[in-house]
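Pasting work_32.txt here (compact mmCIF, C-alpha atoms):
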# COMPACT_ATOMS: atom_id res chain seq x y z
CA MET A 1 0.00 0.00 0.00
CA LYS A 2 1.32 3.44 -0.93
CA PRO A 3 2.16 5.84 1.95
CA CYS A 4 -0.34 8.40 0.59
CA VAL A 5 -3.16 5.83 1.10
CA ARG A 6 -1.80 4.38 4.34
CA LEU A 7 -1.62 7.70 6.21
CA PRO A 8 -5.25 8.80 5.69
CA LEU A 9 -6.44 5.32 6.62
CA LEU A 10 -4.40 5.42 9.82
CA LEU A 11 -5.73 8.86 10.68
CA LEU A 12 -9.27 7.74 9.96
CA THR A 13 -8.82 4.76 12.27
CA ILE A 14 -7.47 6.97 15.07
CA VAL A 15 -10.16 9.61 14.68
CA LEU A 16 -13.17 7.35 14.19
CA GLY A 17 -12.09 4.26 16.12
CA GLY A 18 -11.75 6.23 19.34
CA CYS A 19 -15.29 7.63 19.48
CA VAL A 20 -16.14 6.69 23.09
CA SER A 21 -17.20 9.04 25.82
CA SER A 22 -17.53 7.89 29.39
CA SER A 23 -18.32 9.26 32.81
CA VAL A 24 -17.59 7.68 36.17
CA GLU A 25 -19.10 8.49 39.54
CA GLN A 26 -17.90 7.25 42.88
CA LEU A 27 -19.77 7.14 46.18
CA ARG A 28 -17.45 6.25 49.02
CA LYS A 29 -18.71 5.14 52.44
CA ALA A 30 -15.50 3.78 53.96
CA PRO A 31 -11.76 4.47 53.87
CA VAL A 32 -9.42 2.53 51.57
CA GLY A 33 -9.58 -1.21 52.24
CA VAL A 34 -6.25 -2.89 52.90
CA LEU A 35 -5.85 -6.53 51.90
CA LYS A 36 -3.69 -8.52 54.30
CA LYS A 37 -1.73 -11.63 53.34
CA GLY A 38 -4.07 -14.48 52.33
CA GLU A 39 -7.06 -12.21 51.74
CA THR A 40 -8.63 -12.03 48.30
CA ILE A 41 -11.09 -10.06 46.20
CA VAL A 42 -13.85 -11.70 44.16
CA VAL A 43 -15.48 -9.97 41.21
CA LEU A 44 -18.98 -11.26 40.56
CA GLY A 45 -21.27 -10.39 37.67
CA ARG A 46 -24.99 -10.23 38.29
CA ARG A 47 -26.46 -13.61 37.41
CA GLN A 48 -29.95 -14.34 36.35
CA ASN A 49 -30.94 -17.19 34.13
CA PHE A 50 -32.52 -15.44 31.20
CA ARG A 51 -32.10 -11.72 30.81
CA HIS A 52 -30.13 -8.85 32.36
CA GLN A 53 -27.07 -10.93 32.99
CA THR A 54 -23.88 -8.90 33.19
CA GLU A 55 -21.70 -10.10 30.33
CA ALA A 56 -19.05 -12.66 31.31
CA ASP A 57 -16.62 -10.69 29.09
CA PHE A 58 -17.09 -7.58 31.20
CA THR A 59 -16.61 -9.44 34.48
CA ARG A 60 -13.46 -11.11 33.11
CA CYS A 61 -12.14 -7.75 31.89
CA VAL A 62 -12.54 -6.20 35.37
CA GLN A 63 -10.87 -9.26 36.97
CA ARG A 64 -7.93 -9.07 34.54
CA THR A 65 -7.46 -5.34 35.05
CA LEU A 66 -7.43 -5.72 38.84
CA THR A 67 -4.96 -8.61 38.56
CA ARG A 68 -2.70 -6.37 36.45
CA LYS A 69 -2.85 -3.85 39.31
CA LYS A 70 -1.32 -6.63 41.49
CA LEU A 71 -4.47 -7.08 43.56
CA PRO A 72 -5.14 -10.67 44.74
CA VAL A 73 -8.23 -11.62 42.71
CA LYS A 74 -9.87 -15.00 43.23
CA ALA A 75 -11.34 -16.70 40.15
CA GLU A 76 -15.12 -16.46 39.99
CA GLN A 77 -15.50 -20.22 39.43
CA LYS A 78 -13.38 -21.02 42.49
CA PHE A 79 -15.56 -18.73 44.58
CA MET A 80 -18.74 -20.30 43.16
CA ASP A 81 -17.44 -23.75 44.15
CA GLU A 82 -16.46 -22.61 47.64
CA MET A 83 -19.88 -21.04 48.17
CA PHE A 84 -21.90 -23.67 46.30
CA PRO A 85 -24.80 -23.36 45.59
CA TRP A 86 -25.51 -19.89 47.01
CA PHE A 87 -24.22 -17.94 44.03
CA GLN A 88 -25.57 -20.23 41.30
CA PRO A 89 -27.85 -18.30 38.86
CA ARG A 90 -31.00 -19.80 40.45
CA MET A 91 -30.02 -18.57 43.92
CA ALA A 92 -27.76 -15.60 43.28
CA PRO A 93 -29.04 -12.38 44.86
CA ARG A 94 -30.44 -9.97 42.28
CA THR A 95 -30.10 -6.71 44.16
CA ALA A 96 -27.44 -5.21 46.38
CA GLU A 97 -29.87 -5.42 49.33
CA ALA A 98 -30.46 -9.13 48.69
CA LEU A 99 -26.70 -9.69 48.49
CA ALA A 100 -26.23 -7.89 51.82
CA LYS A 101 -28.87 -10.12 53.40
CA ARG A 102 -27.31 -13.26 51.90
CA LEU A 103 -23.84 -12.37 53.17
CA GLN A 104 -25.16 -12.01 56.70
CA GLU A 105 -26.36 -15.64 56.86
CA PRO A 106 -24.08 -17.32 59.44
CA VAL A 107 -23.16 -20.37 57.31
CA ILE A 108 -22.14 -18.09 54.42
CA ALA A 109 -20.30 -15.53 56.54
CA GLU A 110 -18.36 -18.37 58.19
CA ARG A 111 -17.33 -19.92 54.83
CA LEU A 112 -16.24 -16.52 53.54
CA LYS A 113 -13.99 -16.13 56.57
CA GLN A 114 -12.55 -19.64 56.15
CA THR A 115 -11.73 -19.14 52.49
CA GLY A 116 -10.10 -15.72 52.91
CA THR A 117 -12.58 -13.84 50.73
CA ARG A 118 -12.28 -10.31 52.13
CA TYR A 119 -13.95 -8.14 49.49
CA ILE A 120 -16.70 -8.90 47.01
CA VAL A 121 -17.16 -6.61 44.03
CA TRP A 122 -20.69 -6.95 42.70
CA LEU A 123 -21.07 -5.87 39.09
CA ASP A 124 -24.43 -5.08 37.58
CA GLY A 125 -25.20 -3.64 34.17
CA ILE A 126 -25.03 -4.31 30.48
CA THR A 127 -23.90 -2.89 27.14
CA ARG A 128 -26.83 -2.29 24.81
CA ARG A 129 -26.90 -1.67 21.08
CA GLY A 130 -28.39 1.78 20.44
CA GLU A 131 -29.27 3.47 17.17
CA ASP A 132 -27.80 2.31 13.90
CA GLY A 133 -27.95 3.36 10.27
CA GLY A 134 -26.23 3.72 6.93
CA SER A 135 -25.98 1.33 4.06
CA LEU A 136 -23.26 -0.71 2.49
CA SER A 137 -23.32 -2.80 -0.66
CA CYS A 138 -20.77 -5.16 -2.09
CA SER A 139 -20.57 -6.74 -5.51
CA VAL A 140 -18.40 -9.46 -6.95
CA GLY A 141 -17.56 -9.73 -10.61
CA ALA A 142 -15.13 -11.59 -12.82
CA GLY A 143 -12.42 -9.01 -12.16
CA GLY A 144 -12.86 -9.09 -8.36
CA GLY A 145 -15.13 -7.54 -5.76
CA ALA A 146 -15.68 -4.15 -4.16
CA CYS A 147 -17.86 -2.52 -1.49
CA LEU A 148 -19.18 0.99 -1.17
CA GLY A 149 -21.07 2.67 1.64
CA LEU A 150 -21.03 3.44 5.36
CA LEU A 151 -22.58 1.62 8.33
CA TRP A 152 -22.70 2.99 11.86
CA TRP A 153 -24.13 2.00 15.21
CA GLU A 154 -24.04 3.15 18.80
CA ASP A 155 -23.31 1.11 21.92
CA ASP A 156 -24.36 2.30 25.37
CA ALA A 157 -22.73 0.76 28.40
CA GLU A 158 -24.09 1.29 31.89
CA TYR A 159 -22.56 -0.53 34.84
CA GLU A 160 -22.54 -0.27 38.60
CA ALA A 161 -20.05 -1.84 41.00
CA VAL A 162 -20.69 -2.21 44.72
CA ILE A 163 -17.79 -3.20 46.96
CA TRP A 164 -18.59 -5.24 50.06
CA ASP A 165 -16.28 -5.77 53.00
CA MET A 166 -16.76 -9.27 54.37
CA GLN A 167 -15.28 -8.38 57.74
CA THR A 168 -17.77 -5.63 58.50
CA LEU A 169 -20.45 -7.07 56.15
CA LYS A 170 -21.04 -3.53 54.92
CA SER A 171 -20.82 -1.80 51.58
CA MET A 172 -17.68 0.34 51.14
CA GLY A 173 -19.21 2.32 48.32
CA LYS A 174 -20.52 2.32 44.83
CA ILE A 175 -19.08 3.11 41.41
CA SER A 176 -21.27 4.00 38.43
CA VAL A 177 -19.97 4.22 34.92
CA GLU A 178 -21.69 5.22 31.71
CA ALA A 179 -19.99 4.98 28.34
CA SER A 180 -21.29 5.41 24.84
CA GLY A 181 -19.46 4.88 21.60
CA THR A 182 -20.18 5.02 17.91
CA SER A 183 -18.71 2.44 15.59
CA TYR A 184 -18.36 2.84 11.82
CA VAL A 185 -17.71 0.60 8.87
CA PRO A 186 -16.73 2.84 5.93
CA ALA A 187 -16.24 0.97 2.68
CA VAL A 188 -14.50 2.25 -0.40
CA ILE A 189 -13.59 -0.99 -2.16
CA ILE A 190 -12.61 -2.61 1.17
CA PRO A 191 -14.81 -2.29 4.32
CA ILE A 192 -12.82 -1.04 7.32
CA PRO A 193 -14.52 -1.73 10.69
CA LEU A 194 -13.78 1.02 13.21
CA VAL A 195 -15.32 -0.44 16.33
CA ALA A 196 -15.64 1.80 19.37
CA PRO A 197 -14.36 -0.04 22.49
CA THR A 198 -17.36 1.01 24.61
CA GLN A 199 -17.38 -1.97 26.96
CA SER A 200 -13.59 -1.83 27.40
CA ALA A 201 -13.81 1.87 28.30
CA ALA A 202 -16.48 1.06 30.93
CA CYS A 203 -14.30 -1.80 32.23
CA ARG A 204 -11.26 0.44 32.57
CA GLY A 205 -13.37 3.07 34.33
CA VAL A 206 -14.77 0.60 36.86
CA ALA A 207 -11.45 -1.19 37.48
CA THR A 208 -9.52 2.06 37.99
CA GLN A 209 -12.03 3.19 40.60
CA ILE A 210 -12.01 -0.21 42.36
CA GLY A 211 -8.23 0.16 42.52
CA GLU A 212 -8.79 3.38 44.49
CA PHE A 213 -11.03 1.59 47.00
CA LEU A 214 -8.67 -1.31 47.66
CA THR A 215 -4.96 -1.72 48.14
CA LYS A 216 -2.58 -4.48 49.15
CA ALA A 217 -0.80 -4.26 52.52
CA ILE A 218 2.96 -3.67 52.29
CA GLU A 219 4.69 -6.90 53.29
CA MET B 1 -3.54 -44.77 -2.83
CA LEU B 2 -3.22 -41.06 -2.13
CA LYS B 3 -6.67 -40.49 -3.60
CA THR B 4 -8.19 -43.16 -1.33
CA ARG B 5 -6.48 -41.66 1.71
CA LEU B 6 -7.74 -38.18 0.87
CA LEU B 7 -11.24 -39.56 0.36
CA VAL B 8 -11.15 -41.28 3.75
CA ILE B 9 -9.92 -38.07 5.48
CA ALA B 10 -12.55 -35.96 3.69
CA SER B 11 -15.33 -38.42 4.64
CA ALA B 12 -14.17 -38.48 8.28
CA LEU B 13 -14.16 -34.68 8.38
CA LEU B 14 -17.61 -34.50 6.81
CA LEU B 15 -19.05 -37.13 9.16
CA GLY B 16 -17.42 -35.40 12.13
CA ALA B 17 -19.10 -32.15 11.11
CA CYS B 18 -22.50 -33.90 11.09
CA SER B 19 -22.30 -35.55 14.49
CA GLN B 20 -21.30 -34.36 17.92
CA HIS B 21 -20.43 -36.65 20.80
CA VAL B 22 -20.35 -35.15 24.27
CA VAL B 23 -19.21 -37.06 27.35
CA LEU B 24 -19.88 -35.32 30.65
CA ARG B 25 -17.07 -35.69 33.14
CA VAL B 26 -18.11 -33.37 35.91
CA ASP B 27 -17.39 -32.99 39.60
CA PHE B 28 -19.72 -31.11 41.90
CA PRO B 29 -18.85 -29.31 45.12
CA GLU B 30 -20.78 -30.24 48.25
CA PRO B 31 -23.37 -27.59 49.10
CA ILE B 32 -22.88 -25.56 52.27
CA VAL B 33 -26.09 -26.00 54.22
CA SER B 34 -27.07 -27.08 57.72
CA GLN B 35 -27.01 -30.88 57.67
CA LEU B 36 -29.82 -33.10 58.92
CA ALA B 37 -28.76 -35.99 61.17
CA GLN B 38 -31.23 -38.41 59.56
CA PRO B 39 -29.40 -41.27 57.78
CA VAL B 40 -30.55 -41.57 54.15
CA ILE B 41 -30.08 -43.88 51.18
CA VAL B 42 -29.83 -42.56 47.65
CA TYR B 43 -30.89 -45.15 45.11
CA ILE B 44 -29.20 -44.65 41.74
CA ALA B 45 -31.17 -46.80 39.30
CA PRO B 46 -29.40 -48.44 36.32
CA GLU B 47 -31.36 -46.28 33.83
CA LEU B 48 -30.05 -43.10 35.52
CA ARG B 49 -26.46 -44.37 35.44
CA ARG B 50 -26.72 -45.35 31.79
CA TYR B 51 -28.63 -42.29 30.57
CA VAL B 52 -27.56 -41.23 27.08
CA HIS B 53 -29.39 -38.56 25.11
CA ARG B 54 -29.48 -39.07 21.36
CA TYR B 55 -30.78 -36.48 18.91
CA GLU B 56 -30.82 -37.61 15.31
CA PRO B 57 -32.70 -35.17 13.08
CA GLU B 58 -33.38 -35.91 9.41
CA GLN B 59 -31.28 -32.88 8.53
CA GLY B 60 -28.54 -31.25 10.52
CA THR B 61 -26.18 -32.39 13.21
CA ASP B 62 -26.64 -35.56 15.26
CA TRP B 63 -25.92 -35.16 18.96
CA THR B 64 -25.06 -37.84 21.51
CA ILE B 65 -24.72 -36.73 25.11
CA VAL B 66 -23.36 -39.33 27.51
CA PHE B 67 -23.89 -38.59 31.19
CA GLY B 68 -21.58 -41.35 32.46
CA ASP B 69 -21.00 -41.17 36.20
CA SER B 70 -21.87 -37.47 36.42
CA GLN B 71 -25.39 -38.21 37.71
CA GLU B 72 -24.01 -40.32 40.51
CA LYS B 73 -21.49 -37.61 41.40
CA LEU B 74 -24.21 -34.94 41.36
CA PHE B 75 -26.55 -36.71 43.77
CA ARG B 76 -23.73 -37.97 45.97
CA SER B 77 -22.44 -34.43 46.54
CA VAL B 78 -25.90 -32.87 47.00
CA PHE B 79 -27.02 -35.38 49.63
CA ASN B 80 -23.62 -35.48 51.34
CA GLY B 81 -24.06 -31.75 51.88
CA MET B 82 -27.65 -32.04 53.11
CA PHE B 83 -27.41 -35.11 55.38
CA GLU B 84 -24.83 -36.35 57.87
CA GLN B 85 -25.09 -40.02 56.83
CA VAL B 86 -25.57 -40.85 53.17
CA GLU B 87 -25.25 -44.21 51.44
CA LEU B 88 -25.51 -44.66 47.69
CA VAL B 89 -27.21 -47.90 46.60
CA PHE B 90 -27.21 -49.25 43.05
CA ASP B 91 -29.29 -52.38 43.63
CA ALA B 92 -32.97 -51.97 44.59
CA GLU B 93 -32.84 -55.32 46.42
CA ALA B 94 -30.25 -53.92 48.82
CA ILE B 95 -32.54 -51.18 50.19
CA PRO B 96 -33.55 -51.85 53.84
CA GLU B 97 -37.30 -51.66 54.46
CA ASP B 98 -37.13 -48.97 57.16
CA ALA B 99 -34.63 -46.70 55.40
CA THR B 100 -35.32 -43.17 54.18
CA VAL B 101 -34.75 -43.43 50.44
CA PHE B 102 -34.24 -40.79 47.77
CA THR B 103 -34.63 -41.91 44.17
CA PRO B 104 -33.67 -39.37 41.52
CA VAL B 105 -35.24 -39.98 38.12
CA MET B 106 -34.29 -38.23 34.90
CA ARG B 107 -37.52 -37.48 33.05
CA ASP B 108 -36.36 -35.49 30.06
CA PHE B 109 -33.40 -33.73 28.51
CA GLN B 110 -33.70 -30.98 25.91
CA PHE B 111 -31.22 -28.67 24.34
CA SER B 112 -30.96 -25.95 21.76
CA THR B 113 -27.99 -24.70 19.77
CA PRO B 114 -27.47 -21.19 18.35
CA GLY B 115 -28.49 -22.61 14.97
CA MET B 116 -31.82 -23.87 16.37
CA SER B 117 -32.74 -20.89 18.54
CA LYS B 118 -31.14 -18.04 16.52
CA THR B 119 -29.54 -16.78 19.74
CA ASP B 120 -25.91 -16.73 20.87
CA TYR B 121 -26.43 -19.55 23.35
CA TYR B 122 -26.24 -23.29 23.77
CA GLU B 123 -29.02 -24.08 26.23
CA VAL B 124 -29.89 -27.21 28.18
CA TRP B 125 -33.00 -28.14 30.15
CA VAL B 126 -33.07 -31.23 32.33
CA LYS B 127 -36.27 -32.43 33.94
CA TYR B 128 -35.77 -34.58 37.01
CA SER B 129 -38.03 -35.89 39.68
CA LEU B 130 -36.93 -36.75 43.16
CA ARG B 131 -38.84 -39.44 45.04
CA LEU B 132 -38.85 -39.80 48.78
CA SER B 133 -39.96 -43.14 50.21
CA ARG B 134 -39.69 -45.41 53.19
CA GLY B 135 -37.76 -48.48 52.03
CA SER B 136 -38.87 -49.65 48.61
CA GLY B 137 -42.47 -48.72 49.36
CA LYS B 138 -44.80 -46.25 47.67
CA PRO B 139 -43.29 -42.75 47.30
CA LEU B 140 -44.36 -40.29 50.00
CA LEU B 141 -43.35 -37.51 47.63
CA ASP B 142 -42.52 -37.43 43.92
CA TRP B 143 -41.21 -33.91 43.29
CA PRO B 144 -40.57 -32.82 39.70
CA PHE B 145 -38.22 -29.96 38.90
CA THR B 146 -36.43 -28.52 35.90
CA ALA B 147 -32.84 -27.33 35.75
CA TYR B 148 -31.36 -24.99 33.17
CA GLY B 149 -27.88 -24.14 31.94
CA ARG B 150 -26.50 -22.12 29.10
CA GLU B 151 -23.19 -21.26 27.54
CA GLU B 152 -22.39 -18.49 25.11
CA ASP B 153 -21.30 -19.45 21.62
CA GLY B 154 -17.83 -18.49 20.44
CA GLY B 155 -14.72 -17.71 22.41
CA GLY B 156 -12.81 -20.40 20.51
CA ARG B 157 -14.84 -23.18 22.14
CA SER B 158 -16.11 -26.11 20.05
CA ALA B 159 -19.83 -26.88 19.77
CA ALA B 160 -19.34 -30.05 21.85
CA GLY B 161 -17.39 -28.05 24.47
CA ALA B 162 -20.13 -25.42 24.71
CA MET B 163 -22.80 -28.13 25.04
CA ARG B 164 -20.74 -29.85 27.75
CA GLU B 165 -20.52 -26.56 29.67
CA ALA B 166 -24.25 -25.83 29.29
CA SER B 167 -25.03 -29.37 30.56
CA ARG B 168 -22.63 -28.96 33.48
CA ARG B 169 -24.37 -25.71 34.42
CA ALA B 170 -27.79 -27.35 34.17
CA MET B 171 -26.67 -30.09 36.55
CA ARG B 172 -25.29 -27.54 39.00
CA ASP B 173 -28.65 -25.77 38.74
CA ALA B 174 -30.35 -29.09 39.58
CA ALA B 175 -28.22 -29.29 42.75
CA ALA B 176 -29.23 -25.72 43.66
CA ALA B 177 -32.91 -26.55 43.05
CA ILE B 178 -32.78 -29.54 45.44
CA VAL B 179 -30.95 -27.60 48.16
CA LEU B 180 -33.30 -24.64 47.85
CA ASN B 181 -36.65 -26.33 47.37
CA PHE B 182 -36.83 -29.99 48.30
CA LEU B 183 -37.13 -29.66 52.06
CA ARG B 184 -39.70 -26.90 51.58
CA GLN B 185 -42.15 -29.38 50.04
CA PRO B 186 -44.86 -29.96 52.68
CA ALA B 187 -44.58 -33.78 52.52
CA ALA B 188 -40.77 -33.68 52.92
CA LYS B 189 -41.01 -31.09 55.70
CA LYS B 190 -43.54 -33.23 57.59
CA TYR B 191 -41.57 -36.45 57.04
CA PHE B 192 -38.26 -35.08 58.31
CA ALA B 193 -39.92 -33.27 61.24
CA GLU B 194 -41.52 -36.59 62.31
CA THR B 195 -38.48 -38.81 61.73
CA THR B 196 -36.10 -36.38 63.45
CA THR B 197 -38.40 -36.25 66.49
CA ALA B 198 -38.75 -40.06 66.51
CA ASP B 199 -34.97 -40.52 66.22
CA SER B 200 -34.21 -38.06 69.01
CA GLY B 201 -36.84 -39.86 71.13
CA ARG B 202 -35.11 -43.19 70.46
CA ASN B 203 -31.69 -41.72 71.21
CA SER B 204 -32.66 -39.94 74.43
CA PRO B 205 -31.74 -41.74 77.69

As a first step, turn the structure in this file into C-alpha cells.
Amino acid sequence: MKPCVRLPLLLLTIVLGGCVSSSVEQLRKAPVGVLKKGETIVVLGRRQNFRHQTEADFTRCVQRTLTRKKLPVKAEQKFMDEMFPWFQPRMAPRTAEALAKRLQEPVIAERLKQTGTRYIVWLDGITRRGEDGGSLSCSVGAGGGACLGLLWWEDDAEYEAVIWDMQTLKSMGKISVEASGTSYVPAVIIPIPLVAPTQSAACRGVATQIGEFLTKAIE
Amino acid sequence: MLKTRLLVIASALLLGACSQHVVLRVDFPEPIVSQLAQPVIVYIAPELRRYVHRYEPEQGTDWTIVFGDSQEKLFRSVFNGMFEQVELVFDAEAIPEDATVFTPVMRDFQFSTPGMSKTDYYEVWVKYSLRLSRGSGKPLLDWPFTAYGREEDGGGRSAAGAMREASRRAMRDAAAAIVLNFLRQPAAKKYFAETTTADSGRNSP
C-alpha cells in the first residue's frame, strides 16, 4: 500500500475508532480497604438465568485489570465452588440489598472467613446496542469484488459496581460508569470496521475506581 | 492410494461435522447448608447411570450426550451436603425396608444450539423428579423440577465443548434446586420433622 493511502487510513482509524465518551461516579462510604496476606477479592457479575445478565466478558475484563494492578483476585469459578450453591444463577441475589442479606447468613459468613474472601465486588449492568444506520453494498464480478457505503451503530454501556467488605459485612461504596461509543464501517472498495471499544472503556473506568477503594498491605 | 487416503480423510471430516459426541465428566462441590442428622439412602437406578441422550434429526447435526458417572457424582455431593449419613445404593434389592430413600429420576433432557434458537447460546434443560420413600415402598413424595444451563457461543470453544458446559451448568442448577426447594415441600417437611423427632426420642436416655 502506498504511503499516501496508508496515512489517511491510519488517521481515519485513530479519529473514528476512538469515538467513546464515558463518565464515572464514585460514592465512598468507607476508607481505603487494605488486603492482608491471604485475603482475596472476588469480582462477581450479576447472574440471572434469562435476561439482564452482566456479560461474562465484562466481568473477566474487570478481573484481569485488577490482577494487572497486582491485587489478589480469586477466580469467579473457584468462589462459586467454595460457596456452592448460594451464588448459582438460580439462587444468586439480584439486588445489592439481597446480596447484603445473603452475606449475613451465618453459614455463608463463616465460609467466607474460612476461604479468605475479604472483598466482594458486585457488578451489575449491560452494554446495549443503540441506534444504527447507513448502508453498504458489495458486488463481486469476474475481475474481483468491491464494497461501497457506510454503516454505523451506537453502543451504550451502563454498569454499577458495589464493593462489600466481608469483615464488617457492609458496603464500602458504589461506582457507576456510563460509556457510549459510535462504531463505523466505511467501505471504499474494502470495508474497514472502526469499532468503538465502549465496553472496554467502561471496564477500565470501573477497574480504575475499584483500585482506588482497595490496596494491598505492604509486606 | 493417495486419492483413497484423501477420500477417507474428507469423509471423516464430513461425518465429524455432522455428528457431535459429548461425554460429561463433571465434579460437583458439596453444598454448604445445615445438615440433617437423619441417615438416608440414595438409590441410583441403572437407567439413571446409563442415561444417554441421542438427537438424530433428518437434517442437521446428530448429537449424543453421555452422562456417564456425572449423575451419581451430582446426587452424591448434593445429599452429602444435606445429610450427615448418606449411602448410595445401586441395587434396589439392597434397600432396607425402614430406610429413608431418595430416588432421583431423569424425566427429560432438551437442548438448543445457536443454529436452532437463533440466539448466541447453547441451552440445556433437564427435567428430574426426586422421590422420597420409606424403604422400597410407595413414594411419600414425587417432586418434579427442571434445571437450566447455558453457555455463550464463540470464544474459541467447540460446539461439543459449549454443550458440555451448558449441561454442566444445568446439573449444578439441579443441585441448587434440590438444596433450595426440596425440604420446603410440605410432605418432605412433615416427614423429616416426624423422623427427626422419633430418632431423638429413640436416642434420648

Fill in: Residue hits in chain A, query chain B, radius 6 Å, all atoms listed in the file, as a ChimeraX atom specification
/A:81,84-85

Discussion item. Set the distance at 9 Å and use all atoms listed in the file: which residues neighbour segment 101-110 of chain A once local chain neighbours fewer than 2 positions away are removed? I'd like the list as number ranges by chain.
Written reply: A: 83, 86, 92-93, 96-99, 112-115, 166-167, 169; B: 32-34

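Note that atom CA of Asp165 of chain A and atom CA of Leu71 of chain A are 15.2 Å apart.
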
Might I get the box with edges along x, y and z of the file that holds all atoms of segment 28-39 of chain A listed there, padded by 3 Å on every side, given as centre and edge lengths in Å to one decimal, as AutoDock Vina command-line options?
--center_x -10.2 --center_y -4.1 --center_z 51.7 --size_x 23.0 --size_y 26.7 --size_z 11.3

Taking (-16.6, 5.7, 50.8) in the file's coordinates as the center, which residues reach within 8 Å of it, counting all atoms listed in the file, put as a CSV table (one decimal) with C-alpha atoms, in the coordinates of the input?
chain,number,residue,atom,x,y,z
A,27,LEU,CA,-19.8,7.1,46.2
A,28,ARG,CA,-17.4,6.2,49.0
A,29,LYS,CA,-18.7,5.1,52.4
A,30,ALA,CA,-15.5,3.8,54.0
A,31,PRO,CA,-11.8,4.5,53.9
A,32,VAL,CA,-9.4,2.5,51.6
A,172,MET,CA,-17.7,0.3,51.1
A,173,GLY,CA,-19.2,2.3,48.3
A,174,LYS,CA,-20.5,2.3,44.8
A,213,PHE,CA,-11.0,1.6,47.0

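Neighbouring residues of segment 100-111 of chain B at 6 Å or closer, counting all atoms listed in the file and skipping chain neighbours under 6 positions away, are B:Val40, B:Ile41, B:Val42, B:Tyr43, B:Glu123, B:Val124, B:Trp125, B:Val126, B:Lys127, B:Tyr128, B:Ser129, B:Leu130, B:Arg131, B:Leu132, B:Ser133, B:Arg134.
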
Worksheet item: Which one is closest to Glu158 of chain A: A:Gly145, A:Arg64, A:Asp124, A:Arg204? Count only C-alpha atoms.
Response: A:Asp124

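Of the residues under consideration (B:Arg184, B:Arg164, B:Lys189, B:Arg76), B:Arg164 shows the shortest atom-to-atom contact distance to Arg25 of chain B when counting all atoms listed in the file.
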
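Note that the spacing between atom CA of Lys73 of chain B and atom CA of Val89 of chain B amounts to 12.9 Å.
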